[in-house]
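Have a look at run.txt; it's compact mmCIF, C-alpha atoms and all ligand atoms:
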# COMPACT_ATOMS: atom_id res chain seq x y z
CA MET A 1 -30.55 20.77 24.62
CA ALA A 2 -32.85 23.60 25.57
CA SER A 3 -32.55 22.69 29.23
CA LEU A 4 -28.79 23.24 29.28
CA GLY A 5 -28.96 27.03 29.18
CA PRO A 6 -31.07 27.63 32.30
CA LEU A 7 -29.17 24.86 34.10
CA PHE A 8 -25.94 26.67 33.47
CA ILE A 9 -27.07 30.09 34.55
CA VAL A 10 -29.44 29.58 37.40
CA THR A 11 -29.42 28.57 40.85
CA ALA A 12 -27.89 26.69 43.62
CA ILE A 13 -30.60 27.35 46.13
CA CYS A 14 -29.51 28.32 49.50
CA ILE A 15 -29.21 26.62 52.77
CA SER A 16 -30.89 28.77 55.33
CA THR A 17 -28.93 29.96 58.35
CA GLY A 18 -31.54 30.70 60.93
CA ASN A 19 -32.23 34.36 60.40
CA ALA A 20 -34.08 33.46 57.29
CA GLY A 21 -36.84 34.36 55.01
CA PHE A 22 -36.38 37.72 53.43
CA VAL A 23 -33.41 37.29 51.11
CA VAL A 24 -31.90 34.54 49.01
CA VAL A 25 -28.42 34.33 47.51
CA GLN A 26 -28.53 32.97 43.99
CA CYS A 27 -25.32 31.66 42.47
CA SER A 28 -24.70 30.20 39.05
CA SER A 29 -24.37 26.45 39.36
CA GLU A 30 -21.54 25.64 36.99
CA ASN A 31 -18.50 27.85 36.55
CA VAL A 32 -15.60 27.03 34.33
CA GLY A 33 -12.55 29.24 34.62
CA GLN A 34 -9.74 29.33 32.13
CA TYR A 35 -6.26 28.98 33.53
CA GLY A 36 -4.51 32.37 33.48
CA GLN A 37 -7.76 34.29 32.90
CA GLN A 38 -10.29 35.97 35.15
CA SER A 39 -13.04 33.78 36.58
CA LEU A 40 -16.40 35.09 37.68
CA LEU A 41 -18.18 33.47 40.61
CA GLU A 42 -21.60 34.96 40.12
CA CYS A 43 -23.87 35.39 43.12
CA VAL A 44 -26.71 37.85 43.52
CA VAL A 45 -28.77 38.73 46.60
CA ARG A 46 -32.48 38.62 45.85
CA PRO A 47 -34.80 40.20 48.41
CA THR A 48 -38.10 38.40 48.72
CA LYS A 49 -41.34 40.30 48.09
CA ASP A 50 -41.72 41.49 51.64
CA ALA A 51 -38.27 43.01 51.88
CA THR A 52 -37.87 46.59 50.77
CA ASP A 53 -34.84 48.84 50.62
CA THR A 54 -32.42 45.98 51.30
CA GLN A 55 -28.95 46.96 52.46
CA ILE A 56 -26.01 44.65 52.81
CA ARG A 57 -24.12 44.74 56.11
CA VAL A 58 -21.69 41.84 55.71
CA VAL A 59 -20.35 39.86 52.77
CA THR A 60 -17.92 37.00 53.31
CA TRP A 61 -16.40 34.83 50.57
CA LYS A 62 -14.62 31.68 51.68
CA LYS A 63 -13.17 28.73 49.87
CA GLU A 64 -13.69 25.22 51.17
CA GLY A 65 -10.53 24.05 52.91
CA ASP A 66 -9.15 27.56 53.48
CA GLU A 67 -9.05 29.05 56.97
CA GLU A 68 -8.98 32.67 55.98
CA ALA A 69 -11.77 34.40 54.08
CA LEU A 70 -10.89 35.63 50.58
CA LEU A 71 -13.07 38.71 50.80
CA VAL A 72 -14.80 40.36 53.72
CA PHE A 73 -17.06 43.40 53.66
CA HIS A 74 -17.88 44.58 57.16
CA ASN A 75 -18.57 47.97 58.75
CA GLY A 76 -18.23 49.61 55.37
CA GLN A 77 -14.73 48.19 54.85
CA THR A 78 -13.65 45.60 52.30
CA THR A 79 -10.73 43.29 53.09
CA LEU A 80 -9.32 41.23 50.23
CA GLN A 81 -6.76 38.56 49.74
CA PRO A 82 -4.55 39.10 46.70
CA GLY A 83 -6.10 37.73 43.51
CA TYR A 84 -9.73 38.30 44.58
CA LYS A 85 -12.12 41.20 44.41
CA PHE A 86 -15.77 42.14 43.95
CA ALA A 87 -16.70 41.61 40.33
CA GLU A 88 -18.58 44.89 40.33
CA PRO A 89 -15.90 47.58 39.96
CA SER A 90 -17.47 50.09 42.35
CA TRP A 91 -19.47 47.82 44.56
CA ASP A 92 -21.38 49.31 47.47
CA ASN A 93 -23.80 47.97 50.05
CA LYS A 94 -26.84 48.71 47.91
CA ASN A 95 -25.48 46.60 45.07
CA MET A 96 -27.05 43.18 45.23
CA ASN A 97 -24.48 41.71 42.84
CA VAL A 98 -21.92 40.29 45.27
CA SER A 99 -20.08 38.22 42.63
CA LEU A 100 -16.44 37.39 43.28
CA LEU A 101 -13.75 37.81 40.63
CA VAL A 102 -10.69 35.58 40.62
CA THR A 103 -8.22 37.78 38.79
CA ASN A 104 -5.72 35.19 37.57
CA THR A 105 -7.15 31.71 37.64
CA ALA A 106 -4.81 28.93 38.74
CA VAL A 107 -5.35 25.23 39.23
CA LYS A 108 -5.52 25.71 42.99
CA ASN A 109 -8.55 27.98 42.54
CA ALA A 110 -10.67 25.02 41.59
CA GLY A 111 -13.11 24.05 44.32
CA ILE A 112 -16.21 25.05 46.24
CA TYR A 113 -16.72 28.61 47.44
CA THR A 114 -19.27 29.90 49.92
CA CYS A 115 -20.80 33.36 49.80
CA MET A 116 -22.35 34.55 53.14
CA VAL A 117 -24.44 37.67 53.25
CA VAL A 118 -25.96 39.58 56.17
CA THR A 119 -28.57 42.17 55.25
CA ASN A 120 -30.97 44.38 57.12
CA SER A 121 -33.67 41.88 56.23
CA GLY A 122 -32.02 38.53 56.89
CA ASP A 123 -28.90 36.39 56.46
CA GLU A 124 -28.22 33.94 53.75
CA LYS A 125 -25.44 31.90 52.18
CA SER A 126 -24.86 29.82 49.09
CA ASP A 127 -22.22 27.60 47.58
CA ILE A 128 -20.70 27.82 44.14
CA ARG A 129 -18.22 25.54 42.42
CA LEU A 130 -15.37 26.66 40.20
CA LYS A 131 -13.85 24.29 37.70
CA VAL A 132 -10.56 25.21 36.12
CA THR A 133 -9.53 24.17 32.64
CA ALA A 134 -6.36 24.68 30.67
CA LYS A 135 -5.86 23.74 27.06
CA TYR A 136 -3.05 21.30 26.35
CA SER A 137 -0.19 22.45 24.17
CA VAL A 138 -0.04 21.24 20.59
CA PRO A 139 1.41 17.74 20.94
CA VAL A 140 4.91 16.92 19.77
CA ILE A 141 6.06 13.50 18.60
CA HIS A 142 9.63 12.33 18.82
CA SER A 143 11.04 8.91 18.17
CA ARG A 144 13.52 6.47 19.59
CA PRO A 145 15.79 5.90 17.74
CA GLU A 146 15.76 9.27 16.08
CA LYS A 147 15.29 7.69 12.66
CA ILE A 148 12.53 5.10 12.45
CA THR A 149 12.86 2.66 9.56
CA ARG A 150 10.60 -0.27 8.82
CA THR A 151 13.30 -2.78 9.52
CA ALA A 152 13.95 -2.19 13.22
CA ASP A 153 11.89 -1.78 16.37
CA GLY A 154 11.37 1.71 17.73
CA THR A 155 9.16 3.87 19.92
CA LEU A 156 7.11 6.97 19.22
CA ILE A 157 6.68 9.37 22.13
CA CYS A 158 4.00 12.03 22.12
CA ASP A 159 3.99 14.89 24.64
CA ALA A 160 1.34 17.47 25.42
CA ASP A 161 1.63 19.68 28.47
CA GLY A 162 0.08 22.65 30.22
CA GLY A 163 -3.38 21.12 30.37
CA TYR A 164 -6.01 20.60 33.07
CA PRO A 165 -7.81 18.50 34.11
CA GLN A 166 -6.48 15.16 32.92
CA GLY A 167 -7.09 14.47 29.27
CA GLU A 168 -6.09 11.63 27.02
CA ILE A 169 -3.70 10.90 24.17
CA ARG A 170 -4.89 8.53 21.47
CA TRP A 171 -2.93 7.11 18.53
CA PHE A 172 -4.23 6.52 15.04
CA VAL A 173 -2.50 4.56 12.29
CA GLU A 174 -2.93 5.56 8.65
CA ASP A 175 -5.60 8.11 9.72
CA LYS A 176 -8.16 5.54 10.81
CA THR A 177 -7.13 2.58 12.95
CA ASP A 178 -7.16 3.37 16.66
CA TRP A 179 -3.90 2.02 18.01
CA THR A 180 -4.22 3.43 21.55
CA ARG A 181 -4.42 -0.04 23.10
CA SER A 182 -0.77 -0.61 22.28
CA SER A 183 0.35 2.62 23.90
CA LYS A 184 1.04 3.62 27.47
CA MET A 185 0.26 7.07 28.86
CA GLU A 186 1.78 8.78 31.86
CA VAL A 187 0.54 11.89 33.61
CA THR A 188 2.96 14.25 35.32
CA VAL A 189 1.94 17.14 37.56
CA THR A 190 4.03 20.23 36.84
CA GLU A 191 4.88 23.02 39.26
CA ASN A 192 1.80 25.15 38.62
CA GLY A 193 -0.52 22.16 38.98
CA LEU A 194 -0.96 21.76 35.25
CA LEU A 195 -0.55 18.31 33.74
CA LYS A 196 1.78 16.83 31.19
CA LEU A 197 0.63 13.82 29.18
CA THR A 198 3.26 11.50 27.73
CA SER A 199 2.26 8.53 25.62
CA LYS A 200 4.64 5.90 24.30
CA LEU A 201 3.76 3.73 21.33
CA PRO A 202 6.09 0.81 20.61
CA LEU A 203 6.71 0.00 16.93
CA LEU A 204 7.60 -3.56 15.96
CA HIS A 205 9.59 -4.12 12.79
CA GLY A 206 7.52 -5.95 10.25
CA SER A 207 4.38 -4.06 11.27
CA ILE A 208 5.44 -0.46 10.98
CA PHE A 209 3.10 1.79 9.05
CA SER A 210 3.83 4.99 7.20
CA LYS A 211 1.69 7.46 9.18
CA TYR A 212 1.02 7.83 12.91
CA THR A 213 -1.21 10.51 14.43
CA CYS A 214 -1.18 11.49 18.09
CA VAL A 215 -4.43 13.19 19.14
CA VAL A 216 -4.98 15.03 22.43
CA TYR A 217 -8.46 15.01 23.97
CA ASN A 218 -9.52 17.17 26.90
CA ALA A 219 -11.20 15.86 30.04
CA SER A 220 -14.65 15.93 28.46
CA GLY A 221 -13.51 14.05 25.39
CA GLY A 222 -13.24 17.06 23.07
CA LYS A 223 -10.44 16.86 20.51
CA GLU A 224 -7.86 19.57 21.17
CA ASP A 225 -4.99 19.05 18.74
CA GLU A 226 -2.89 16.52 16.90
CA ALA A 227 0.56 15.75 15.62
CA ILE A 228 1.60 13.53 12.73
CA TYR A 229 4.66 11.32 12.37
CA LYS A 230 5.62 9.85 9.01
CA VAL A 231 7.95 6.89 8.69
CA GLN A 232 10.37 7.36 5.82
CA ASP A 233 9.58 5.05 2.94
CA ARG A 234 13.07 4.13 1.79
CA PRO A 235 14.42 1.33 3.95
CA GLU A 236 18.10 1.28 4.77
CA GLY A 237 18.64 -2.44 5.17
CA GLN A 238 17.92 -5.11 2.58
CA GLU A 239 16.38 -7.67 4.90
CA GLY A 240 12.79 -7.42 6.01
CA GLY A 241 10.90 -9.50 3.45
CA ARG A 242 7.30 -8.52 3.10
CA VAL A 243 7.63 -4.79 3.69
CA LEU A 244 10.55 -4.60 1.27
CA GLY A 245 8.57 -6.35 -1.48
CA ALA A 246 7.08 -3.29 -3.08
CA PRO A 247 10.16 -1.07 -3.46
CA ALA A 248 12.37 -4.04 -4.42
CA SER A 249 10.23 -4.95 -7.43
CA LYS A 250 10.62 -1.42 -8.71
CA ILE A 251 14.36 -1.92 -8.82
CA VAL A 252 14.32 -5.48 -10.23
CA ALA A 253 12.36 -4.72 -13.40
CA PRO A 254 14.84 -2.21 -14.95
CA VAL A 255 17.77 -4.38 -13.88
CA VAL A 256 16.33 -7.34 -15.78
CA VAL A 257 15.65 -5.27 -18.91
CA ILE A 258 19.05 -3.60 -18.98
CA GLY A 259 20.78 -6.89 -18.17
CA SER A 260 19.18 -8.73 -21.04
CA LEU A 261 20.06 -5.88 -23.40
CA ILE A 262 23.71 -6.06 -22.38
CA ILE A 263 23.81 -9.85 -22.73
CA GLY A 264 22.15 -9.57 -26.16
CA LEU A 265 24.74 -7.04 -27.31
CA LEU A 266 27.59 -9.20 -26.03
CA LEU A 267 26.27 -12.24 -27.88
CA LEU A 268 25.92 -10.14 -31.03
CA LEU A 269 29.54 -8.91 -30.73
CA ILE A 270 30.88 -12.42 -30.18
CA TYR A 271 28.93 -13.69 -33.12
CA ARG A 272 30.20 -10.91 -35.42
CA ARG A 273 33.77 -11.37 -34.27
CA ARG A 274 33.67 -15.09 -35.04
CA ASN A 275 32.27 -14.37 -38.46
CA GLN A 276 35.01 -11.85 -39.16
CA GLN A 277 37.76 -14.17 -37.98
CA ALA A 278 36.42 -16.90 -40.20
CA ARG A 279 36.56 -14.56 -43.20
CA ARG A 280 39.96 -13.16 -42.26
CA HIS A 281 41.49 -16.58 -42.49
CA SER A 282 40.18 -16.87 -46.01
CA THR A 283 41.46 -13.42 -47.12
CA ALA A 284 44.95 -12.06 -47.60
CA PRO A 285 47.53 -12.53 -44.81
CA LEU A 286 48.79 -8.97 -45.58
CA MET A 287 45.79 -7.60 -43.78
CA ARG A 288 47.08 -8.58 -40.37
CA ASP A 289 48.47 -5.16 -39.26
CA HIS A 290 45.33 -3.19 -39.97
CA ARG A 291 42.50 -5.52 -39.72
CA GLU A 292 41.25 -3.97 -36.51
CA VAL A 293 40.74 -0.61 -38.17
CA SER A 294 39.64 -1.44 -41.60
CA GLN A 295 38.07 -4.81 -41.55
CA GLU A 296 34.61 -3.51 -42.19
CA GLU A 297 35.70 -1.36 -45.10
CA ALA A 298 37.59 -4.28 -46.46
CA ASP A 299 34.54 -6.46 -46.23
CA TYR A 300 32.47 -3.84 -47.94
CA ASP A 301 34.95 -3.23 -50.79
CA ARG A 302 35.58 -6.88 -51.34
CA ASP A 303 31.92 -7.58 -51.64
CA ASN A 304 31.30 -4.79 -54.08
CA SER A 305 34.29 -4.62 -56.36
CA GLN A 306 36.48 -7.67 -55.82
CA THR A 307 39.35 -5.38 -54.83
CA THR A 308 42.54 -6.73 -53.41
CA ASP A 309 44.89 -5.65 -50.67
CA LYS A 310 46.76 -3.34 -53.00
CA GLU A 311 44.19 -0.65 -52.51
CA PHE A 312 45.16 -0.27 -48.86
CA PRO A 313 48.52 1.47 -48.85
CA GLY A 314 48.96 0.92 -45.15
CA GLY A 315 49.23 -2.75 -45.76
CA GLN A 316 52.28 -2.22 -47.90
CA VAL A 317 54.36 0.13 -45.75
C1 LIG A 401 -22.65 40.81 38.36
O1 LIG A 401 -21.51 41.60 38.02
C2 LIG A 401 -20.65 41.06 37.06
C3 LIG A 401 -19.45 42.02 36.90
O2 LIG A 401 -19.88 43.31 36.60
C4 LIG A 401 -21.41 40.88 35.76
O3 LIG A 401 -20.59 40.30 34.78
C5 LIG A 401 -22.61 39.98 35.99
O4 LIG A 401 -23.37 39.85 34.82
C6 LIG A 401 -23.47 40.56 37.11
N1 LIG A 401 -24.53 39.60 37.38
C7 LIG A 401 -25.83 39.99 37.45
C8 LIG A 401 -26.82 38.89 37.69
O5 LIG A 401 -26.17 41.13 37.32
C1 LIG A 402 -13.18 20.10 25.60
O1 LIG A 402 -13.22 20.44 24.25
C2 LIG A 402 -14.53 20.73 23.78
C3 LIG A 402 -14.42 20.92 22.28
O2 LIG A 402 -13.30 21.66 21.92
C4 LIG A 402 -15.03 21.97 24.52
O3 LIG A 402 -16.31 22.29 24.06
C5 LIG A 402 -15.05 21.67 26.00
O4 LIG A 402 -15.44 22.81 26.73
C6 LIG A 402 -13.70 21.23 26.48
N1 LIG A 402 -13.80 20.78 27.84
C7 LIG A 402 -12.84 21.01 28.74
C8 LIG A 402 -13.06 20.44 30.09
O5 LIG A 402 -11.83 21.64 28.47

Output the file's structure in the form of structure tokens.
Ligand SMILES: *[C@@H]1O[C@H](CO)[C@@H](O)[C@H](O)[C@H]1NC(C)=O
Ligand SMILES: *[C@@H]1O[C@H](CO)[C@@H](O)[C@H](O)[C@H]1NC(C)=O
Amino acid sequence: MASLGPLFIVTAICISTGNAGFVVVQCSSENVGQYGQQSLLECVVRPTKDATDTQIRVVTWKKEGDEEALLVFHNGQTTLQPGYKFAEPSWDNKNMNVSLLVTNTAVKNAGIYTCMVVTNSGDEKSDIRLKVTAKYSVPVIHSRPEKITRTADGTLICDADGGYPQGEIRWFVEDKTDWTRSSKMEVTVTENGLLKLTSKLPLLHGSIFSKYTCVVYNASGGKEDEAIYKVQDRPEGQEGGRVLGAPASKIVAPVVVIGSLIIGLLLLLIYRRRNQQARRHSTAPLMRDHREVSQEEADYDRDNSQTTDKEFPGGQV
């Protein structure tokens, strides 16, 4: 752990170019630039003990693979290509900090740069590497078909773009099980050199879960962001056996209870009606017009006071 700090800051020691000995150019060894931000390529001229009053005559910054220099200081004049400048705002030839600033880092800026310096006490040059990173967008999941149910096959598609270098999309089921094996990821290079990751996860009916998480990892395996897709719980079809088991039982129980209640009531009604008809046959035939309305009262009165049909005027009209 402790060794990481010095490693990061200090030196890529120089390859001597003949006129050697009195200066070195020290550059930081690892430089990570953020896409769209400034990147510092830090190099400093260090005179050795013997050299005094060092003055810089020439500075040249080149990028590996490019013909033209990005920055040249010569005869007191500085020539720059757009997007590059001395990191020191008012640099002059007594300033040993010859760092280069990339003003708006793009993917194409990644690579190896060389800083060449000619001084009054020797020449020297050194290489420095710039890595470019860009954070992927927050991933987005969409599905095919648009509505995923548990009863039909489907596909989840997770997209994350604007990242660099290539990262990875992984899928997790119910927050824990890594399902990435079943998925397929494609990488697309967009106009500005940034990458788009697209991962497709097929879903097979009968083994569709309720929660899917798409996680984006950067090139060094660091988790960047995630998106969650939830499958709706209420199925639309009635087929589908095992998965339907749980919700179906919730419906069956009340149906059974209410059904038996209704059947019980029906049986009770039939039983009562039979009883009444049996009695009606034994009581007065005059009752026939009004028995629907007043049968119960009639039963009651007959039981209690031995009354006859005369007490019901309706029967006599
Ligand atoms: C060189 O200059 C840059 C820009 O001013 C600064 O950030 C950096 O720390 C300097 N490096 C050294 C070693 O002084
Ligand atoms: C990846 O993410 C980790 C954690 O967020 C971060 O420390 C690391 O610098 C990132 N690496 C790249 C290459 O973006």

Each chain A residue no farther than 12 Å from ligand LIG 401 (chain A), nearest pair in Å, all atoms listed in the file, as JSON lines:
{"residue": "A:Ile9", "atom": "CA", "partner": "A:LIG401", "partner_atom": "C8", "distance": 9.3}
{"residue": "A:Val10", "atom": "CA", "partner": "A:LIG401", "partner_atom": "C8", "distance": 9.7}
{"residue": "A:Thr11", "atom": "CA", "partner": "A:LIG401", "partner_atom": "C8", "distance": 11.1}
{"residue": "A:Val25", "atom": "CA", "partner": "A:LIG401", "partner_atom": "C8", "distance": 10.9}
{"residue": "A:Gln26", "atom": "CA", "partner": "A:LIG401", "partner_atom": "C8", "distance": 8.8}
{"residue": "A:Cys27", "atom": "CA", "partner": "A:LIG401", "partner_atom": "C8", "distance": 8.8}
{"residue": "A:Ser28", "atom": "CA", "partner": "A:LIG401", "partner_atom": "C8", "distance": 9.0}
{"residue": "A:Gln38", "atom": "CA", "partner": "A:LIG401", "partner_atom": "C3", "distance": 11.1}
{"residue": "A:Ser39", "atom": "CA", "partner": "A:LIG401", "partner_atom": "O3", "distance": 10.1}
{"residue": "A:Leu40", "atom": "CA", "partner": "A:LIG401", "partner_atom": "O3", "distance": 7.3}
{"residue": "A:Leu41", "atom": "CA", "partner": "A:LIG401", "partner_atom": "C2", "distance": 8.7}
{"residue": "A:Glu42", "atom": "CA", "partner": "A:LIG401", "partner_atom": "N1", "distance": 6.1}
{"residue": "A:Cys43", "atom": "CA", "partner": "A:LIG401", "partner_atom": "C8", "distance": 7.1}
{"residue": "A:Val44", "atom": "CA", "partner": "A:LIG401", "partner_atom": "C8", "distance": 5.9}
{"residue": "A:Val45", "atom": "CA", "partner": "A:LIG401", "partner_atom": "C8", "distance": 9.1}
{"residue": "A:Arg46", "atom": "CA", "partner": "A:LIG401", "partner_atom": "C8", "distance": 9.9}
{"residue": "A:Lys85", "atom": "CA", "partner": "A:LIG401", "partner_atom": "C3", "distance": 10.5}
{"residue": "A:Phe86", "atom": "CA", "partner": "A:LIG401", "partner_atom": "C3", "distance": 8.0}
{"residue": "A:Ala87", "atom": "CA", "partner": "A:LIG401", "partner_atom": "C3", "distance": 4.4}
{"residue": "A:Glu88", "atom": "CA", "partner": "A:LIG401", "partner_atom": "O2", "distance": 4.3}
{"residue": "A:Pro89", "atom": "CA", "partner": "A:LIG401", "partner_atom": "O2", "distance": 6.7}
{"residue": "A:Ser90", "atom": "CA", "partner": "A:LIG401", "partner_atom": "O2", "distance": 9.2}
{"residue": "A:Trp91", "atom": "CA", "partner": "A:LIG401", "partner_atom": "O2", "distance": 9.2}
{"residue": "A:Asn95", "atom": "CA", "partner": "A:LIG401", "partner_atom": "C1", "distance": 9.3}
{"residue": "A:Met96", "atom": "CA", "partner": "A:LIG401", "partner_atom": "O5", "distance": 8.2}
{"residue": "A:Asn97", "atom": "CA", "partner": "A:LIG401", "partner_atom": "C1", "distance": 4.9}
{"residue": "A:Val98", "atom": "CA", "partner": "A:LIG401", "partner_atom": "C1", "distance": 7.0}
{"residue": "A:Ser99", "atom": "CA", "partner": "A:LIG401", "partner_atom": "C1", "distance": 5.6}
{"residue": "A:Leu100", "atom": "CA", "partner": "A:LIG401", "partner_atom": "C2", "distance": 8.4}
{"residue": "A:Leu101", "atom": "CA", "partner": "A:LIG401", "partner_atom": "C3", "distance": 8.0}
{"residue": "A:Val102", "atom": "CA", "partner": "A:LIG401", "partner_atom": "C3", "distance": 11.5}

Pick from A:Ala219, A:Ile141, A:Leu70, A:Leu268 nearest to ligand LIG 402 (chain A), counting only C-alpha atoms and all ligand atoms: A:Ala219

Show me which residues sit within 8 Å of ligand LIG 402 (chain A) when counting all atoms listed in the file, and put them as a ChimeraX atom specification. /A:133-135,164-165,217-224

Include C-alpha atoms and write out the residues we just selected as a PDB file, in the coordinates of the input.
ATOM      1  CA  THR A 133      -9.530  24.170  32.640  1.00  0.00           C
ATOM      2  CA  ALA A 134      -6.360  24.680  30.670  1.00  0.00           C
ATOM      3  CA  LYS A 135      -5.860  23.740  27.060  1.00  0.00           C
ATOM      4  CA  TYR A 164      -6.010  20.600  33.070  1.00  0.00           C
ATOM      5  CA  PRO A 165      -7.810  18.500  34.110  1.00  0.00           C
ATOM      6  CA  TYR A 217      -8.460  15.010  23.970  1.00  0.00           C
ATOM      7  CA  ASN A 218      -9.520  17.170  26.900  1.00  0.00           C
ATOM      8  CA  ALA A 219     -11.200  15.860  30.040  1.00  0.00           C
ATOM      9  CA  SER A 220     -14.650  15.930  28.460  1.00  0.00           C
ATOM     10  CA  GLY A 221     -13.510  14.050  25.390  1.00  0.00           C
ATOM     11  CA  GLY A 222     -13.240  17.060  23.070  1.00  0.00           C
ATOM     12  CA  LYS A 223     -10.440  16.860  20.510  1.00  0.00           C
ATOM     13  CA  GLU A 224      -7.860  19.570  21.170  1.00  0.00           C
TER      14      GLU A 224
END

Near Leu201 in chain A, within 10 Å and counting only C-alpha atoms, which residues show up once chain neighbours fewer than 6 positions away are dropped, as a PyMOL selection string? chain A and resi 143+154-158+170-171+179-185+212+214

Considering all atoms listed in the file, can you say which of A:Val216, A:Leu203, A:Asn93, A:Glu124 comes closest to Glu168 in chain A?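 Closest to Glu168 in chain A, using all atoms listed in the file: A:Val216.
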
Could you pull the residues within 9 Å of Leu197 in chain A, counting only C-alpha atoms, minus those fewer than 4 positions along the same chain, as a count of residues only? 16

Rank nothing, just name the residue among A:Glu146, A:Glu30, A:Asp92, A:Asp178 nearest to Tyr113 in chain A, using all atoms listed in the file. A:Glu30

Using all atoms listed in the file for the distances, tell me which of A:Glu174, A:Asp50, A:Asp66, A:Asp127 is nearest to Val231 in chain A.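 Of the candidates, the smallest distance to Val231 in chain A is held by A:Glu174.
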
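The space separating CA of Ser260 in chain A from CA of Gln276 in chain A comes to 24.3 Å.
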
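CA of Gln77 in chain A lies 24.7 Å from CA of Ile112 in chain A.
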
Just the number, please: distance in Å from CA of Glu191 in chain A to CA of Leu130 in chain A, one decimal.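 Computing the Euclidean distance for CA of Glu191 in chain A and CA of Leu130 in chain A yields 20.6 Å.
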
With only C-alpha atoms as the atoms that count, which of A:Tyr271, A:Gln81, A:Gly122, A:Ala69 lies nearest to Ala51 in chain A? A:Gly122

Using all atoms listed in the file for the distances, tell me which of A:Thr177, A:Asn120, A:Asn192, A:Asn109 is nearest to Glu64 in chain A. A:Asn109

Would you mind completing range 97-108 of chain A so that it carries N, CA and C atoms, and writing it out as an mmCIF file, in the coordinates of the input?
data_model
loop_
_atom_site.group_PDB
_atom_site.id
_atom_site.type_symbol
_atom_site.label_atom_id
_atom_site.label_comp_id
_atom_site.auth_asym_id
_atom_site.auth_seq_id
_atom_site.Cartn_x
_atom_site.Cartn_y
_atom_site.Cartn_z
ATOM 1 N N ASN A 97 -25.362 42.618 43.579
ATOM 2 C CA ASN A 97 -24.480 41.710 42.840
ATOM 3 C C ASN A 97 -23.163 41.556 43.625
ATOM 4 N N VAL A 98 -23.080 40.490 44.406
ATOM 5 C CA VAL A 98 -21.920 40.290 45.270
ATOM 6 C C VAL A 98 -20.908 39.315 44.664
ATOM 7 N N SER A 99 -20.953 39.170 43.318
ATOM 8 C CA SER A 99 -20.080 38.220 42.630
ATOM 9 C C SER A 99 -18.606 38.448 42.955
ATOM 10 N N LEU A 100 -17.874 37.341 43.002
ATOM 11 C CA LEU A 100 -16.440 37.390 43.280
ATOM 12 C C LEU A 100 -15.672 37.198 41.977
ATOM 13 N N LEU A 101 -14.598 37.960 41.807
ATOM 14 C CA LEU A 101 -13.750 37.810 40.630
ATOM 15 C C LEU A 101 -12.401 37.236 41.046
ATOM 16 N N VAL A 102 -12.038 36.142 40.428
ATOM 17 C CA VAL A 102 -10.690 35.580 40.620
ATOM 18 C C VAL A 102 -9.857 36.157 39.484
ATOM 19 N N THR A 103 -8.838 36.953 39.836
ATOM 20 C CA THR A 103 -8.220 37.780 38.790
ATOM 21 C C THR A 103 -7.269 37.000 37.880
ATOM 22 N N ASN A 104 -6.643 35.955 38.402
ATOM 23 C CA ASN A 104 -5.720 35.190 37.570
ATOM 24 C C ASN A 104 -5.863 33.718 37.950
ATOM 25 N N THR A 105 -6.732 33.051 37.217
ATOM 26 C CA THR A 105 -7.150 31.710 37.640
ATOM 27 C C THR A 105 -6.003 30.707 37.575
ATOM 28 N N ALA A 106 -5.819 29.991 38.669
ATOM 29 C CA ALA A 106 -4.810 28.930 38.740
ATOM 30 C C ALA A 106 -5.499 27.620 39.070
ATOM 31 N N VAL A 107 -4.764 26.541 38.951
ATOM 32 C CA VAL A 107 -5.350 25.230 39.230
ATOM 33 C C VAL A 107 -5.860 25.160 40.661
ATOM 34 N N LYS A 108 -5.125 25.783 41.573
ATOM 35 C CA LYS A 108 -5.520 25.710 42.990
ATOM 36 C C LYS A 108 -6.813 26.479 43.284
#
